[in-house]
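See below for my_file_32.cif, which holds mmCIF, N, CA and C atoms.
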data_input
loop_
_atom_site.label_atom_id
_atom_site.label_comp_id
_atom_site.auth_asym_id
_atom_site.auth_seq_id
_atom_site.Cartn_x
_atom_site.Cartn_y
_atom_site.Cartn_z
N MET T 1 49.16 10.24 -22.49
CA MET T 1 48.80 9.11 -21.64
C MET T 1 47.49 9.47 -20.94
N SER T 2 46.63 8.49 -20.81
CA SER T 2 45.33 8.72 -20.18
C SER T 2 45.47 8.94 -18.68
N VAL T 3 44.45 9.56 -18.10
CA VAL T 3 44.43 9.79 -16.65
C VAL T 3 44.52 8.45 -15.91
N LEU T 4 43.87 7.43 -16.44
CA LEU T 4 43.90 6.11 -15.79
C LEU T 4 45.33 5.57 -15.72
N LEU T 5 46.09 5.74 -16.78
CA LEU T 5 47.47 5.25 -16.78
C LEU T 5 48.38 6.12 -15.90
N VAL T 6 48.06 7.39 -15.78
CA VAL T 6 48.81 8.26 -14.86
C VAL T 6 48.57 7.79 -13.42
N ILE T 7 47.32 7.50 -13.08
CA ILE T 7 47.00 6.99 -11.74
C ILE T 7 47.73 5.68 -11.49
N SER T 8 47.75 4.80 -12.48
CA SER T 8 48.48 3.54 -12.37
C SER T 8 49.96 3.79 -12.11
N SER T 9 50.53 4.72 -12.85
CA SER T 9 51.96 5.02 -12.70
C SER T 9 52.27 5.57 -11.31
N VAL T 10 51.44 6.48 -10.84
CA VAL T 10 51.65 7.06 -9.51
C VAL T 10 51.58 5.97 -8.44
N CYS T 11 50.58 5.10 -8.54
CA CYS T 11 50.44 4.02 -7.56
C CYS T 11 51.60 3.03 -7.64
N ALA T 12 52.10 2.77 -8.84
CA ALA T 12 53.25 1.87 -9.00
C ALA T 12 54.49 2.45 -8.34
N VAL T 13 54.72 3.76 -8.52
CA VAL T 13 55.87 4.41 -7.87
C VAL T 13 55.69 4.39 -6.36
N LEU T 14 54.50 4.71 -5.87
CA LEU T 14 54.26 4.66 -4.42
C LEU T 14 54.46 3.25 -3.86
N ALA T 15 54.00 2.25 -4.61
CA ALA T 15 54.23 0.86 -4.19
C ALA T 15 55.71 0.56 -4.14
N GLY T 16 56.45 1.07 -5.12
CA GLY T 16 57.89 0.91 -5.12
C GLY T 16 58.53 1.54 -3.89
N LEU T 17 58.07 2.73 -3.53
CA LEU T 17 58.63 3.40 -2.36
C LEU T 17 58.31 2.64 -1.07
N VAL T 18 57.12 2.07 -0.98
CA VAL T 18 56.78 1.23 0.17
C VAL T 18 57.75 0.05 0.25
N HIS T 19 58.06 -0.55 -0.90
CA HIS T 19 58.96 -1.70 -0.91
C HIS T 19 60.41 -1.30 -0.64
N VAL T 20 60.80 -0.08 -0.99
CA VAL T 20 62.12 0.41 -0.59
C VAL T 20 62.17 0.53 0.94
N TYR T 21 61.10 1.01 1.53
CA TYR T 21 61.04 1.11 2.99
C TYR T 21 61.11 -0.28 3.64
N ILE T 22 60.40 -1.24 3.07
CA ILE T 22 60.46 -2.61 3.59
C ILE T 22 61.89 -3.15 3.47
N PHE T 23 62.54 -2.85 2.34
CA PHE T 23 63.96 -3.23 2.18
C PHE T 23 64.79 -2.65 3.33
N PHE T 24 64.59 -1.37 3.61
CA PHE T 24 65.34 -0.73 4.69
C PHE T 24 65.12 -1.46 6.02
N LEU T 25 63.86 -1.75 6.33
CA LEU T 25 63.56 -2.43 7.59
C LEU T 25 64.23 -3.80 7.66
N GLU T 26 64.12 -4.56 6.57
CA GLU T 26 64.60 -5.95 6.60
C GLU T 26 66.11 -6.09 6.41
N SER T 27 66.69 -5.25 5.58
CA SER T 27 68.10 -5.44 5.24
C SER T 27 69.06 -4.49 5.95
N VAL T 28 68.56 -3.38 6.44
CA VAL T 28 69.44 -2.40 7.07
C VAL T 28 69.19 -2.30 8.58
N ALA T 29 67.93 -2.20 8.96
CA ALA T 29 67.61 -1.90 10.36
C ALA T 29 67.05 -3.09 11.13
N TRP T 30 67.21 -4.28 10.63
CA TRP T 30 66.59 -5.48 11.19
C TRP T 30 66.84 -5.66 12.69
N THR T 31 68.01 -5.33 13.16
CA THR T 31 68.35 -5.61 14.56
C THR T 31 67.94 -4.50 15.53
N SER T 32 67.37 -3.42 15.03
CA SER T 32 66.97 -2.34 15.93
C SER T 32 65.73 -2.73 16.74
N PRO T 33 65.61 -2.23 17.94
CA PRO T 33 64.44 -2.55 18.77
C PRO T 33 63.12 -2.16 18.11
N ARG T 34 63.10 -1.05 17.41
CA ARG T 34 61.87 -0.60 16.73
C ARG T 34 61.44 -1.62 15.67
N VAL T 35 62.38 -2.08 14.87
CA VAL T 35 62.05 -3.04 13.81
C VAL T 35 61.66 -4.38 14.44
N ARG T 36 62.31 -4.75 15.52
CA ARG T 36 61.91 -5.99 16.21
C ARG T 36 60.45 -5.90 16.63
N ARG T 37 60.02 -4.75 17.14
CA ARG T 37 58.61 -4.58 17.53
C ARG T 37 57.69 -4.64 16.30
N VAL T 38 58.09 -3.97 15.22
CA VAL T 38 57.27 -3.96 14.00
C VAL T 38 57.01 -5.39 13.50
N PHE T 39 58.03 -6.23 13.54
CA PHE T 39 57.91 -7.59 13.02
C PHE T 39 57.55 -8.61 14.10
N GLY T 40 57.37 -8.15 15.33
CA GLY T 40 56.96 -9.06 16.40
C GLY T 40 58.03 -10.05 16.81
N ILE T 41 59.28 -9.63 16.77
CA ILE T 41 60.39 -10.50 17.15
C ILE T 41 60.66 -10.29 18.63
N ALA T 42 60.57 -11.38 19.38
CA ALA T 42 60.59 -11.28 20.84
C ALA T 42 61.98 -11.16 21.44
N SER T 43 62.97 -11.74 20.81
CA SER T 43 64.28 -11.79 21.47
C SER T 43 65.41 -11.44 20.51
N GLU T 44 66.52 -11.08 21.10
CA GLU T 44 67.74 -10.82 20.32
C GLU T 44 68.20 -12.10 19.63
N THR T 45 68.02 -13.23 20.28
CA THR T 45 68.40 -14.51 19.68
C THR T 45 67.61 -14.76 18.41
N GLU T 46 66.31 -14.50 18.44
CA GLU T 46 65.47 -14.67 17.26
C GLU T 46 65.87 -13.68 16.15
N THR T 47 66.21 -12.46 16.56
CA THR T 47 66.65 -11.46 15.59
C THR T 47 67.90 -11.94 14.86
N GLN T 48 68.86 -12.44 15.60
CA GLN T 48 70.10 -12.90 14.99
C GLN T 48 69.87 -14.15 14.13
N ALA T 49 68.97 -15.02 14.59
CA ALA T 49 68.69 -16.25 13.84
C ALA T 49 68.01 -15.96 12.50
N THR T 50 67.27 -14.88 12.42
CA THR T 50 66.54 -14.55 11.20
C THR T 50 67.19 -13.44 10.38
N ARG T 51 68.32 -12.96 10.84
CA ARG T 51 68.96 -11.81 10.20
C ARG T 51 69.30 -12.06 8.73
N ALA T 52 69.92 -13.17 8.40
CA ALA T 52 70.31 -13.46 7.02
C ALA T 52 69.07 -13.63 6.13
N LEU T 53 68.05 -14.28 6.65
CA LEU T 53 66.81 -14.46 5.90
C LEU T 53 66.16 -13.11 5.62
N ALA T 54 66.09 -12.25 6.62
CA ALA T 54 65.50 -10.92 6.45
C ALA T 54 66.32 -10.08 5.47
N PHE T 55 67.63 -10.17 5.57
CA PHE T 55 68.50 -9.43 4.66
C PHE T 55 68.20 -9.81 3.21
N ASN T 56 68.11 -11.10 2.96
CA ASN T 56 67.81 -11.60 1.61
C ASN T 56 66.41 -11.16 1.17
N GLN T 57 65.44 -11.30 2.03
CA GLN T 57 64.06 -10.91 1.70
C GLN T 57 63.97 -9.42 1.40
N GLY T 58 64.72 -8.61 2.11
CA GLY T 58 64.73 -7.18 1.87
C GLY T 58 65.17 -6.85 0.45
N PHE T 59 66.17 -7.59 -0.03
CA PHE T 59 66.63 -7.33 -1.40
C PHE T 59 65.60 -7.75 -2.44
N TYR T 60 64.81 -8.77 -2.19
CA TYR T 60 63.70 -9.09 -3.09
C TYR T 60 62.76 -7.88 -3.20
N ASN T 61 62.45 -7.29 -2.06
CA ASN T 61 61.57 -6.12 -2.06
C ASN T 61 62.21 -4.95 -2.80
N LEU T 62 63.51 -4.75 -2.62
CA LEU T 62 64.20 -3.68 -3.32
C LEU T 62 64.16 -3.88 -4.83
N PHE T 63 64.40 -5.10 -5.28
CA PHE T 63 64.41 -5.37 -6.72
C PHE T 63 63.02 -5.17 -7.33
N LEU T 64 61.97 -5.55 -6.61
CA LEU T 64 60.62 -5.29 -7.11
C LEU T 64 60.36 -3.79 -7.19
N ALA T 65 60.82 -3.05 -6.20
CA ALA T 65 60.66 -1.60 -6.21
C ALA T 65 61.38 -0.99 -7.40
N ILE T 66 62.61 -1.42 -7.63
CA ILE T 66 63.37 -0.90 -8.76
C ILE T 66 62.64 -1.19 -10.07
N GLY T 67 62.10 -2.39 -10.21
CA GLY T 67 61.36 -2.74 -11.42
C GLY T 67 60.18 -1.82 -11.66
N ALA T 68 59.41 -1.56 -10.63
CA ALA T 68 58.23 -0.69 -10.78
C ALA T 68 58.64 0.74 -11.11
N ILE T 69 59.63 1.25 -10.41
CA ILE T 69 60.04 2.65 -10.60
C ILE T 69 60.73 2.84 -11.95
N VAL T 70 61.61 1.92 -12.32
CA VAL T 70 62.26 2.02 -13.63
C VAL T 70 61.24 1.85 -14.75
N GLY T 71 60.28 0.95 -14.56
CA GLY T 71 59.22 0.79 -15.56
C GLY T 71 58.44 2.07 -15.78
N VAL T 72 58.07 2.74 -14.70
CA VAL T 72 57.35 4.02 -14.83
C VAL T 72 58.25 5.07 -15.48
N ALA T 73 59.52 5.09 -15.13
CA ALA T 73 60.44 6.04 -15.75
C ALA T 73 60.54 5.80 -17.26
N LEU T 74 60.59 4.54 -17.67
CA LEU T 74 60.62 4.22 -19.10
C LEU T 74 59.35 4.68 -19.80
N VAL T 75 58.21 4.47 -19.15
CA VAL T 75 56.94 4.94 -19.71
C VAL T 75 56.98 6.47 -19.86
N ALA T 76 57.50 7.15 -18.85
CA ALA T 76 57.52 8.61 -18.84
C ALA T 76 58.37 9.19 -19.97
N VAL T 77 59.41 8.46 -20.37
CA VAL T 77 60.26 8.95 -21.47
C VAL T 77 59.83 8.40 -22.82
N GLY T 78 58.66 7.75 -22.86
CA GLY T 78 58.10 7.31 -24.13
C GLY T 78 58.37 5.88 -24.53
N ASN T 79 58.95 5.10 -23.64
CA ASN T 79 59.22 3.70 -23.96
C ASN T 79 58.23 2.79 -23.22
N GLY T 80 56.95 2.93 -23.56
CA GLY T 80 55.92 2.13 -22.92
C GLY T 80 55.99 0.65 -23.25
N ALA T 81 56.54 0.32 -24.42
CA ALA T 81 56.63 -1.09 -24.82
C ALA T 81 57.52 -1.89 -23.87
N THR T 82 58.50 -1.24 -23.29
CA THR T 82 59.35 -1.89 -22.28
C THR T 82 58.87 -1.57 -20.88
N GLY T 83 58.44 -0.33 -20.67
CA GLY T 83 58.08 0.12 -19.33
C GLY T 83 56.86 -0.56 -18.75
N TRP T 84 55.78 -0.64 -19.53
CA TRP T 84 54.55 -1.23 -18.97
C TRP T 84 54.70 -2.69 -18.57
N PRO T 85 55.34 -3.54 -19.38
CA PRO T 85 55.53 -4.92 -18.91
C PRO T 85 56.33 -5.00 -17.61
N LEU T 86 57.31 -4.12 -17.46
CA LEU T 86 58.09 -4.09 -16.23
C LEU T 86 57.24 -3.65 -15.05
N VAL T 87 56.41 -2.62 -15.25
CA VAL T 87 55.51 -2.16 -14.19
C VAL T 87 54.54 -3.28 -13.81
N VAL T 88 53.94 -3.91 -14.80
CA VAL T 88 52.96 -4.97 -14.52
C VAL T 88 53.62 -6.15 -13.82
N PHE T 89 54.76 -6.60 -14.31
CA PHE T 89 55.44 -7.73 -13.67
C PHE T 89 55.77 -7.40 -12.21
N SER T 90 56.32 -6.22 -11.98
CA SER T 90 56.72 -5.85 -10.62
C SER T 90 55.52 -5.74 -9.69
N THR T 91 54.45 -5.10 -10.14
CA THR T 91 53.29 -4.93 -9.27
C THR T 91 52.53 -6.24 -9.07
N VAL T 92 52.48 -7.10 -10.09
CA VAL T 92 51.87 -8.42 -9.91
C VAL T 92 52.68 -9.22 -8.87
N SER T 93 54.00 -9.12 -8.93
CA SER T 93 54.84 -9.82 -7.96
C SER T 93 54.62 -9.29 -6.55
N MET T 94 54.52 -7.96 -6.41
CA MET T 94 54.24 -7.36 -5.11
C MET T 94 52.89 -7.84 -4.57
N LEU T 95 51.89 -7.83 -5.44
CA LEU T 95 50.55 -8.27 -5.04
C LEU T 95 50.57 -9.75 -4.66
N GLY T 96 51.25 -10.56 -5.45
CA GLY T 96 51.35 -11.99 -5.13
C GLY T 96 52.01 -12.23 -3.78
N ALA T 97 53.06 -11.48 -3.49
CA ALA T 97 53.72 -11.61 -2.19
C ALA T 97 52.78 -11.21 -1.06
N ALA T 98 51.96 -10.19 -1.30
CA ALA T 98 51.00 -9.76 -0.28
C ALA T 98 49.94 -10.82 -0.04
N VAL T 99 49.49 -11.48 -1.10
CA VAL T 99 48.50 -12.55 -0.96
C VAL T 99 49.10 -13.71 -0.16
N VAL T 100 50.34 -14.06 -0.46
CA VAL T 100 51.01 -15.13 0.29
C VAL T 100 51.14 -14.72 1.76
N LEU T 101 51.53 -13.48 2.01
CA LEU T 101 51.65 -13.00 3.39
C LEU T 101 50.31 -13.07 4.11
N ALA T 102 49.24 -12.65 3.46
CA ALA T 102 47.90 -12.70 4.07
C ALA T 102 47.51 -14.14 4.40
N GLY T 103 47.94 -15.07 3.58
CA GLY T 103 47.62 -16.48 3.80
C GLY T 103 48.39 -17.14 4.92
N THR T 104 49.39 -16.45 5.46
CA THR T 104 50.19 -17.07 6.52
C THR T 104 49.61 -16.87 7.91
N GLY T 105 48.59 -16.04 8.03
CA GLY T 105 47.95 -15.88 9.34
C GLY T 105 47.32 -14.53 9.51
N ARG T 106 46.35 -14.47 10.39
CA ARG T 106 45.58 -13.24 10.63
C ARG T 106 46.46 -12.08 11.09
N ARG T 107 47.51 -12.39 11.82
CA ARG T 107 48.34 -11.30 12.35
C ARG T 107 49.09 -10.56 11.24
N TYR T 108 49.13 -11.13 10.03
CA TYR T 108 49.83 -10.50 8.92
C TYR T 108 48.90 -9.76 7.96
N LEU T 109 47.62 -9.72 8.26
CA LEU T 109 46.67 -9.09 7.34
C LEU T 109 46.94 -7.60 7.13
N ASN T 110 47.26 -6.88 8.19
CA ASN T 110 47.56 -5.45 8.05
C ASN T 110 48.79 -5.24 7.18
N SER T 111 49.83 -6.01 7.44
CA SER T 111 51.05 -5.90 6.63
C SER T 111 50.78 -6.25 5.17
N ALA T 112 49.97 -7.26 4.96
CA ALA T 112 49.64 -7.65 3.59
C ALA T 112 48.85 -6.55 2.89
N PHE T 113 47.97 -5.90 3.62
CA PHE T 113 47.21 -4.79 3.04
C PHE T 113 48.15 -3.65 2.65
N VAL T 114 49.07 -3.30 3.52
CA VAL T 114 50.03 -2.23 3.23
C VAL T 114 50.88 -2.60 2.02
N GLN T 115 51.32 -3.84 1.97
CA GLN T 115 52.19 -4.30 0.90
C GLN T 115 51.46 -4.45 -0.43
N GLY T 116 50.19 -4.78 -0.40
CA GLY T 116 49.50 -5.15 -1.63
C GLY T 116 48.49 -4.17 -2.18
N SER T 117 48.06 -3.19 -1.40
CA SER T 117 46.98 -2.32 -1.89
C SER T 117 47.41 -1.42 -3.04
N LEU T 118 48.55 -0.78 -2.95
CA LEU T 118 49.00 0.09 -4.04
C LEU T 118 49.30 -0.69 -5.32
N PRO T 119 49.96 -1.85 -5.24
CA PRO T 119 50.14 -2.62 -6.47
C PRO T 119 48.80 -3.03 -7.10
N LEU T 120 47.84 -3.39 -6.26
CA LEU T 120 46.52 -3.77 -6.80
C LEU T 120 45.88 -2.59 -7.51
N ILE T 121 45.92 -1.42 -6.90
CA ILE T 121 45.34 -0.23 -7.54
C ILE T 121 46.07 0.08 -8.84
N ALA T 122 47.40 -0.02 -8.82
CA ALA T 122 48.19 0.22 -10.04
C ALA T 122 47.77 -0.73 -11.15
N LEU T 123 47.57 -1.99 -10.82
CA LEU T 123 47.18 -2.98 -11.83
C LEU T 123 45.77 -2.73 -12.35
N ILE T 124 44.85 -2.39 -11.48
CA ILE T 124 43.48 -2.11 -11.90
C ILE T 124 43.46 -0.94 -12.88
N PHE T 125 44.17 0.14 -12.53
CA PHE T 125 44.17 1.30 -13.41
C PHE T 125 44.96 1.07 -14.69
N ALA T 126 46.00 0.25 -14.64
CA ALA T 126 46.72 -0.11 -15.88
C ALA T 126 45.79 -0.89 -16.80
N PHE T 127 45.04 -1.83 -16.24
CA PHE T 127 44.07 -2.60 -17.06
C PHE T 127 43.01 -1.67 -17.64
N LEU T 128 42.43 -0.82 -16.79
CA LEU T 128 41.39 0.10 -17.27
C LEU T 128 41.96 1.05 -18.32
N GLY T 129 43.16 1.55 -18.10
CA GLY T 129 43.79 2.47 -19.04
C GLY T 129 44.11 1.83 -20.38
N SER T 130 44.42 0.54 -20.34
CA SER T 130 44.71 -0.14 -21.61
C SER T 130 43.43 -0.61 -22.29
N THR T 131 42.37 -0.80 -21.52
CA THR T 131 41.08 -1.21 -22.08
C THR T 131 40.31 -0.02 -22.64
N PHE T 132 40.42 1.10 -21.96
CA PHE T 132 39.70 2.32 -22.36
C PHE T 132 40.72 3.43 -22.61
N PRO T 133 41.48 3.36 -23.69
CA PRO T 133 42.52 4.37 -23.94
C PRO T 133 41.92 5.75 -24.16
N ALA T 134 42.73 6.76 -23.88
CA ALA T 134 42.29 8.15 -24.09
C ALA T 134 42.07 8.40 -25.57
N SER T 135 41.06 9.18 -25.88
CA SER T 135 40.81 9.45 -27.29
C SER T 135 41.46 10.72 -27.75
#
Before we go any further, please render this structure as C-alpha coordinates.
Amino acid sequence: MSVLLVISSVCAVLAGLVHVYIFFLESVAWTSPRVRRVFGIASETETQATRALAFNQGFYNLFLAIGAIVGVALVAVGNGATGWPLVVFSTVSMLGAAVVLAGTGRRYLNSAFVQGSLPLIALIFAFLGSTFPAS
(Lines of atoms letter the chains of each structure in order from A and count residues from 1; the text may use other names and numbers.)
(Lines give C-alpha, C1' and ligand atoms only; values in the text may rest on other atoms or scores of the structure.)
Protein backbone atom coordinates (compact mmCIF):
# COMPACT_ATOMS: atom_id res chain seq x y z
CA MET A 1 0.00 0.00 0.00
CA SER A 2 1.31 3.46 -0.84
CA VAL A 3 2.30 5.99 1.81
CA LEU A 4 -0.64 8.14 0.69
CA LEU A 5 -3.11 5.35 1.42
CA VAL A 6 -1.46 4.66 4.78
CA ILE A 7 -1.93 8.34 5.70
CA SER A 8 -5.56 8.08 4.57
CA SER A 9 -6.06 4.99 6.71
CA VAL A 10 -4.52 6.57 9.79
CA CYS A 11 -6.68 9.69 9.41
CA ALA A 12 -9.81 7.56 8.88
CA VAL A 13 -9.12 5.63 12.11
CA LEU A 14 -8.45 8.88 14.00
CA ALA A 15 -11.68 10.33 12.60
CA GLY A 16 -13.44 7.20 13.80
CA LEU A 17 -12.00 7.64 17.28
CA VAL A 18 -13.16 11.27 17.36
CA HIS A 19 -16.65 10.06 16.47
CA VAL A 20 -16.53 7.39 19.18
CA TYR A 21 -15.76 10.21 21.62
CA ILE A 22 -18.69 12.24 20.27
CA PHE A 23 -20.87 9.15 20.74
CA PHE A 24 -19.74 8.98 24.36
CA LEU A 25 -20.56 12.65 24.95
CA GLU A 26 -23.98 12.48 23.30
CA SER A 27 -25.22 9.03 24.27
CA VAL A 28 -23.53 8.26 27.58
CA ALA A 29 -22.50 11.48 29.33
CA TRP A 30 -25.11 13.92 27.99
CA THR A 31 -26.49 14.93 31.38
CA SER A 32 -23.15 15.66 33.04
CA PRO A 33 -22.32 19.30 33.81
CA ARG A 34 -19.12 19.09 31.74
CA VAL A 35 -20.97 17.91 28.63
CA ARG A 36 -23.65 20.54 29.17
CA ARG A 37 -20.89 23.17 29.05
CA VAL A 38 -19.30 21.61 25.95
CA PHE A 39 -22.61 21.76 24.06
CA GLY A 40 -23.72 25.09 25.53
CA ILE A 41 -26.80 23.71 27.26
CA ALA A 42 -27.96 26.22 29.84
CA SER A 43 -30.37 24.27 32.00
CA GLU A 44 -31.21 20.82 33.29
CA THR A 45 -34.62 21.20 31.65
CA GLU A 46 -32.98 21.70 28.25
CA THR A 47 -30.69 18.73 28.91
CA GLN A 48 -33.63 16.46 29.63
CA ALA A 49 -35.62 17.81 26.67
CA THR A 50 -32.78 17.01 24.26
CA ARG A 51 -31.60 13.78 25.87
CA ALA A 52 -33.36 11.36 23.48
CA LEU A 53 -32.28 13.37 20.44
CA ALA A 54 -28.66 13.44 21.62
CA PHE A 55 -28.76 9.72 22.42
CA ASN A 56 -29.91 8.96 18.87
CA GLN A 57 -27.40 11.35 17.30
CA GLY A 58 -24.59 9.74 19.29
CA PHE A 59 -25.35 6.38 17.73
CA TYR A 60 -25.15 7.90 14.23
CA ASN A 61 -21.63 9.01 15.14
CA LEU A 62 -20.79 5.58 16.52
CA PHE A 63 -21.97 3.81 13.37
CA LEU A 64 -19.90 6.13 11.17
CA ALA A 65 -16.88 5.44 13.38
CA ILE A 66 -17.42 1.70 13.12
CA GLY A 67 -17.66 1.97 9.32
CA ALA A 68 -14.37 3.85 9.04
CA ILE A 69 -12.48 1.60 11.46
CA VAL A 70 -13.85 -1.67 10.06
CA GLY A 71 -13.11 -0.41 6.54
CA VAL A 72 -9.48 0.25 7.45
CA ALA A 73 -9.26 -3.15 9.16
CA LEU A 74 -10.54 -4.82 5.98
CA VAL A 75 -7.96 -2.93 3.93
CA ALA A 76 -5.24 -4.00 6.38
CA VAL A 77 -6.09 -7.69 5.93
CA GLY A 78 -6.08 -7.38 2.15
CA ASN A 79 -9.74 -6.82 1.37
CA GLY A 80 -9.48 -3.35 -0.17
CA ALA A 81 -12.37 -3.99 -2.55
CA THR A 82 -14.73 -3.94 0.43
CA GLY A 83 -12.69 -1.84 2.83
CA TRP A 84 -12.04 1.26 0.75
CA PRO A 85 -15.69 1.87 -0.22
CA LEU A 86 -16.59 1.57 3.46
CA VAL A 87 -13.84 4.01 4.47
CA VAL A 88 -14.87 6.49 1.77
CA PHE A 89 -18.59 6.26 2.56
CA SER A 90 -17.98 6.72 6.29
CA THR A 91 -15.57 9.64 5.93
CA VAL A 92 -17.73 11.37 3.29
CA SER A 93 -20.67 11.06 5.71
CA MET A 94 -18.57 12.49 8.57
CA LEU A 95 -17.44 15.37 6.36
CA GLY A 96 -21.00 16.01 5.19
CA ALA A 97 -22.22 16.17 8.78
CA ALA A 98 -19.45 18.63 9.59
CA VAL A 99 -20.45 20.85 6.65
CA VAL A 100 -24.07 20.81 7.83
CA LEU A 101 -22.92 21.65 11.37
CA ALA A 102 -20.81 24.56 10.08
CA GLY A 103 -23.83 25.85 8.20
CA THR A 104 -25.96 26.04 11.33
CA GLY A 105 -24.09 29.00 12.80
CA ARG A 106 -20.77 30.57 13.64
CA ARG A 107 -20.73 29.13 17.14
CA TYR A 108 -20.46 25.63 15.63
CA LEU A 109 -17.45 26.30 13.39
CA ASN A 110 -14.90 24.93 15.87
CA SER A 111 -16.93 21.76 16.41
CA ALA A 112 -17.37 21.36 12.66
CA PHE A 113 -13.62 21.71 12.18
CA VAL A 114 -12.93 19.03 14.81
CA GLN A 115 -15.56 16.74 13.31
CA GLY A 116 -14.61 17.24 9.67
CA SER A 117 -10.87 17.85 9.34
CA LEU A 118 -9.64 14.26 9.73
CA PRO A 119 -12.28 12.82 7.37
CA LEU A 120 -11.34 15.48 4.80
CA ILE A 121 -7.65 14.62 5.08
CA ALA A 122 -8.47 10.90 4.83
CA LEU A 123 -10.48 11.52 1.66
CA ILE A 124 -7.82 13.71 0.06
CA PHE A 125 -5.11 11.12 0.67
CA ALA A 126 -7.37 8.25 -0.47
CA PHE A 127 -7.98 10.14 -3.73
CA LEU A 128 -4.29 10.93 -4.17
CA GLY A 129 -3.33 7.35 -3.32
CA SER A 130 -5.74 5.94 -5.85
CA THR A 131 -4.72 8.47 -8.50
CA PHE A 132 -0.98 8.06 -7.98
CA PRO A 133 -0.53 4.42 -6.90
CA ALA A 134 2.82 3.20 -5.58
CA SER A 135 5.03 1.71 -8.23
Quick one: everything within 8 Å of range 114-126 of chain T, counting only C-alpha atoms, minus sequence neighbours fewer than 5 positions away in the same chain. Send it as a PDB file with N, CA and C atoms, in the frame of the given file.
ATOM      1  N   LEU T   4      43.870   7.430 -16.440  1.00  0.00           N
ATOM      2  CA  LEU T   4      43.900   6.110 -15.790  1.00  0.00           C
ATOM      3  C   LEU T   4      45.330   5.570 -15.720  1.00  0.00           C
ATOM      4  N   LEU T   5      46.090   5.740 -16.780  1.00  0.00           N
ATOM      5  CA  LEU T   5      47.470   5.250 -16.780  1.00  0.00           C
ATOM      6  C   LEU T   5      48.380   6.120 -15.900  1.00  0.00           C
ATOM      7  N   ILE T   7      47.320   7.500 -13.080  1.00  0.00           N
ATOM      8  CA  ILE T   7      47.000   6.990 -11.740  1.00  0.00           C
ATOM      9  C   ILE T   7      47.730   5.680 -11.490  1.00  0.00           C
ATOM     10  N   SER T   8      47.750   4.800 -12.480  1.00  0.00           N
ATOM     11  CA  SER T   8      48.480   3.540 -12.370  1.00  0.00           C
ATOM     12  C   SER T   8      49.960   3.790 -12.110  1.00  0.00           C
ATOM     13  N   SER T   9      50.530   4.720 -12.850  1.00  0.00           N
ATOM     14  CA  SER T   9      51.960   5.020 -12.700  1.00  0.00           C
ATOM     15  C   SER T   9      52.270   5.570 -11.310  1.00  0.00           C
ATOM     16  N   VAL T  10      51.440   6.480 -10.840  1.00  0.00           N
ATOM     17  CA  VAL T  10      51.650   7.060  -9.510  1.00  0.00           C
ATOM     18  C   VAL T  10      51.580   5.970  -8.440  1.00  0.00           C
ATOM     19  N   CYS T  11      50.580   5.100  -8.540  1.00  0.00           N
ATOM     20  CA  CYS T  11      50.440   4.020  -7.560  1.00  0.00           C
ATOM     21  C   CYS T  11      51.600   3.030  -7.640  1.00  0.00           C
ATOM     22  N   ALA T  12      52.100   2.770  -8.840  1.00  0.00           N
ATOM     23  CA  ALA T  12      53.250   1.870  -9.000  1.00  0.00           C
ATOM     24  C   ALA T  12      54.490   2.450  -8.340  1.00  0.00           C
ATOM     25  N   LEU T  14      54.500   4.710  -5.870  1.00  0.00           N
ATOM     26  CA  LEU T  14      54.260   4.660  -4.420  1.00  0.00           C
ATOM     27  C   LEU T  14      54.460   3.250  -3.860  1.00  0.00           C
ATOM     28  N   ALA T  15      54.000   2.250  -4.610  1.00  0.00           N
ATOM     29  CA  ALA T  15      54.230   0.860  -4.190  1.00  0.00           C
ATOM     30  C   ALA T  15      55.710   0.560  -4.140  1.00  0.00           C
ATOM     31  N   VAL T  18      57.120   2.070  -0.980  1.00  0.00           N
ATOM     32  CA  VAL T  18      56.780   1.230   0.170  1.00  0.00           C
ATOM     33  C   VAL T  18      57.750   0.050   0.250  1.00  0.00           C
ATOM     34  N   HIS T  19      58.060  -0.550  -0.900  1.00  0.00           N
ATOM     35  CA  HIS T  19      58.960  -1.700  -0.910  1.00  0.00           C
ATOM     36  C   HIS T  19      60.410  -1.300  -0.640  1.00  0.00           C
ATOM     37  N   VAL T  88      53.940  -3.910 -14.800  1.00  0.00           N
ATOM     38  CA  VAL T  88      52.960  -4.970 -14.520  1.00  0.00           C
ATOM     39  C   VAL T  88      53.620  -6.150 -13.820  1.00  0.00           C
ATOM     40  N   THR T  91      54.450  -5.100 -10.140  1.00  0.00           N
ATOM     41  CA  THR T  91      53.290  -4.930  -9.270  1.00  0.00           C
ATOM     42  C   THR T  91      52.530  -6.240  -9.070  1.00  0.00           C
ATOM     43  N   VAL T  92      52.480  -7.100 -10.090  1.00  0.00           N
ATOM     44  CA  VAL T  92      51.870  -8.420  -9.910  1.00  0.00           C
ATOM     45  C   VAL T  92      52.680  -9.220  -8.870  1.00  0.00           C
ATOM     46  N   MET T  94      54.520  -7.960  -6.410  1.00  0.00           N
ATOM     47  CA  MET T  94      54.240  -7.360  -5.110  1.00  0.00           C
ATOM     48  C   MET T  94      52.890  -7.840  -4.570  1.00  0.00           C
ATOM     49  N   LEU T  95      51.890  -7.830  -5.440  1.00  0.00           N
ATOM     50  CA  LEU T  95      50.550  -8.270  -5.040  1.00  0.00           C
ATOM     51  C   LEU T  95      50.570  -9.750  -4.660  1.00  0.00           C
ATOM     52  N   GLY T  96      51.250 -10.560  -5.450  1.00  0.00           N
ATOM     53  CA  GLY T  96      51.350 -11.990  -5.130  1.00  0.00           C
ATOM     54  C   GLY T  96      52.010 -12.230  -3.780  1.00  0.00           C
ATOM     55  N   ALA T  97      53.060 -11.480  -3.490  1.00  0.00           N
ATOM     56  CA  ALA T  97      53.720 -11.610  -2.190  1.00  0.00           C
ATOM     57  C   ALA T  97      52.780 -11.210  -1.060  1.00  0.00           C
ATOM     58  N   ALA T  98      51.960 -10.190  -1.300  1.00  0.00           N
ATOM     59  CA  ALA T  98      51.000  -9.760  -0.280  1.00  0.00           C
ATOM     60  C   ALA T  98      49.940 -10.820  -0.040  1.00  0.00           C
ATOM     61  N   VAL T  99      49.490 -11.480  -1.100  1.00  0.00           N
ATOM     62  CA  VAL T  99      48.500 -12.550  -0.960  1.00  0.00           C
ATOM     63  C   VAL T  99      49.100 -13.710  -0.160  1.00  0.00           C
TER      64      VAL T  99
END
- Starting from the displayed file, determine the output of the PyMOL selection byres ((chain T and resi 59-73) around 8) and express the residue list as JSON, numbers by chain. {"T": [8, 9, 10, 12, 13, 14, 15, 16, 17, 18, 19, 20, 21, 22, 23, 24, 26, 27, 53, 54, 55, 56, 57, 58, 74, 75, 76, 77, 78, 79, 80, 82, 83, 84, 85, 86, 87, 88, 89, 90, 91, 93, 94]}
Which centre and which edge lengths, in Å to one decimal, describe the axis-aligned box that holds all listed atoms of range 102-114 of chain T after 8 Å is added on each side, as lines of an AutoDock Vina configuration file?
center_x = 48.3
center_y = -9.7
center_z = 7.2
size_x = 21.5
size_y = 30.9
size_z = 26.3
- Hey, can you check how far CA of Gly103 in chain T sits from CA of Ile41 in chain T? 19.4 Å
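The two atoms in question, atom N of Arg107 in chain T and CA of Ser43 in chain T, are spaced 19.4 Å apart.
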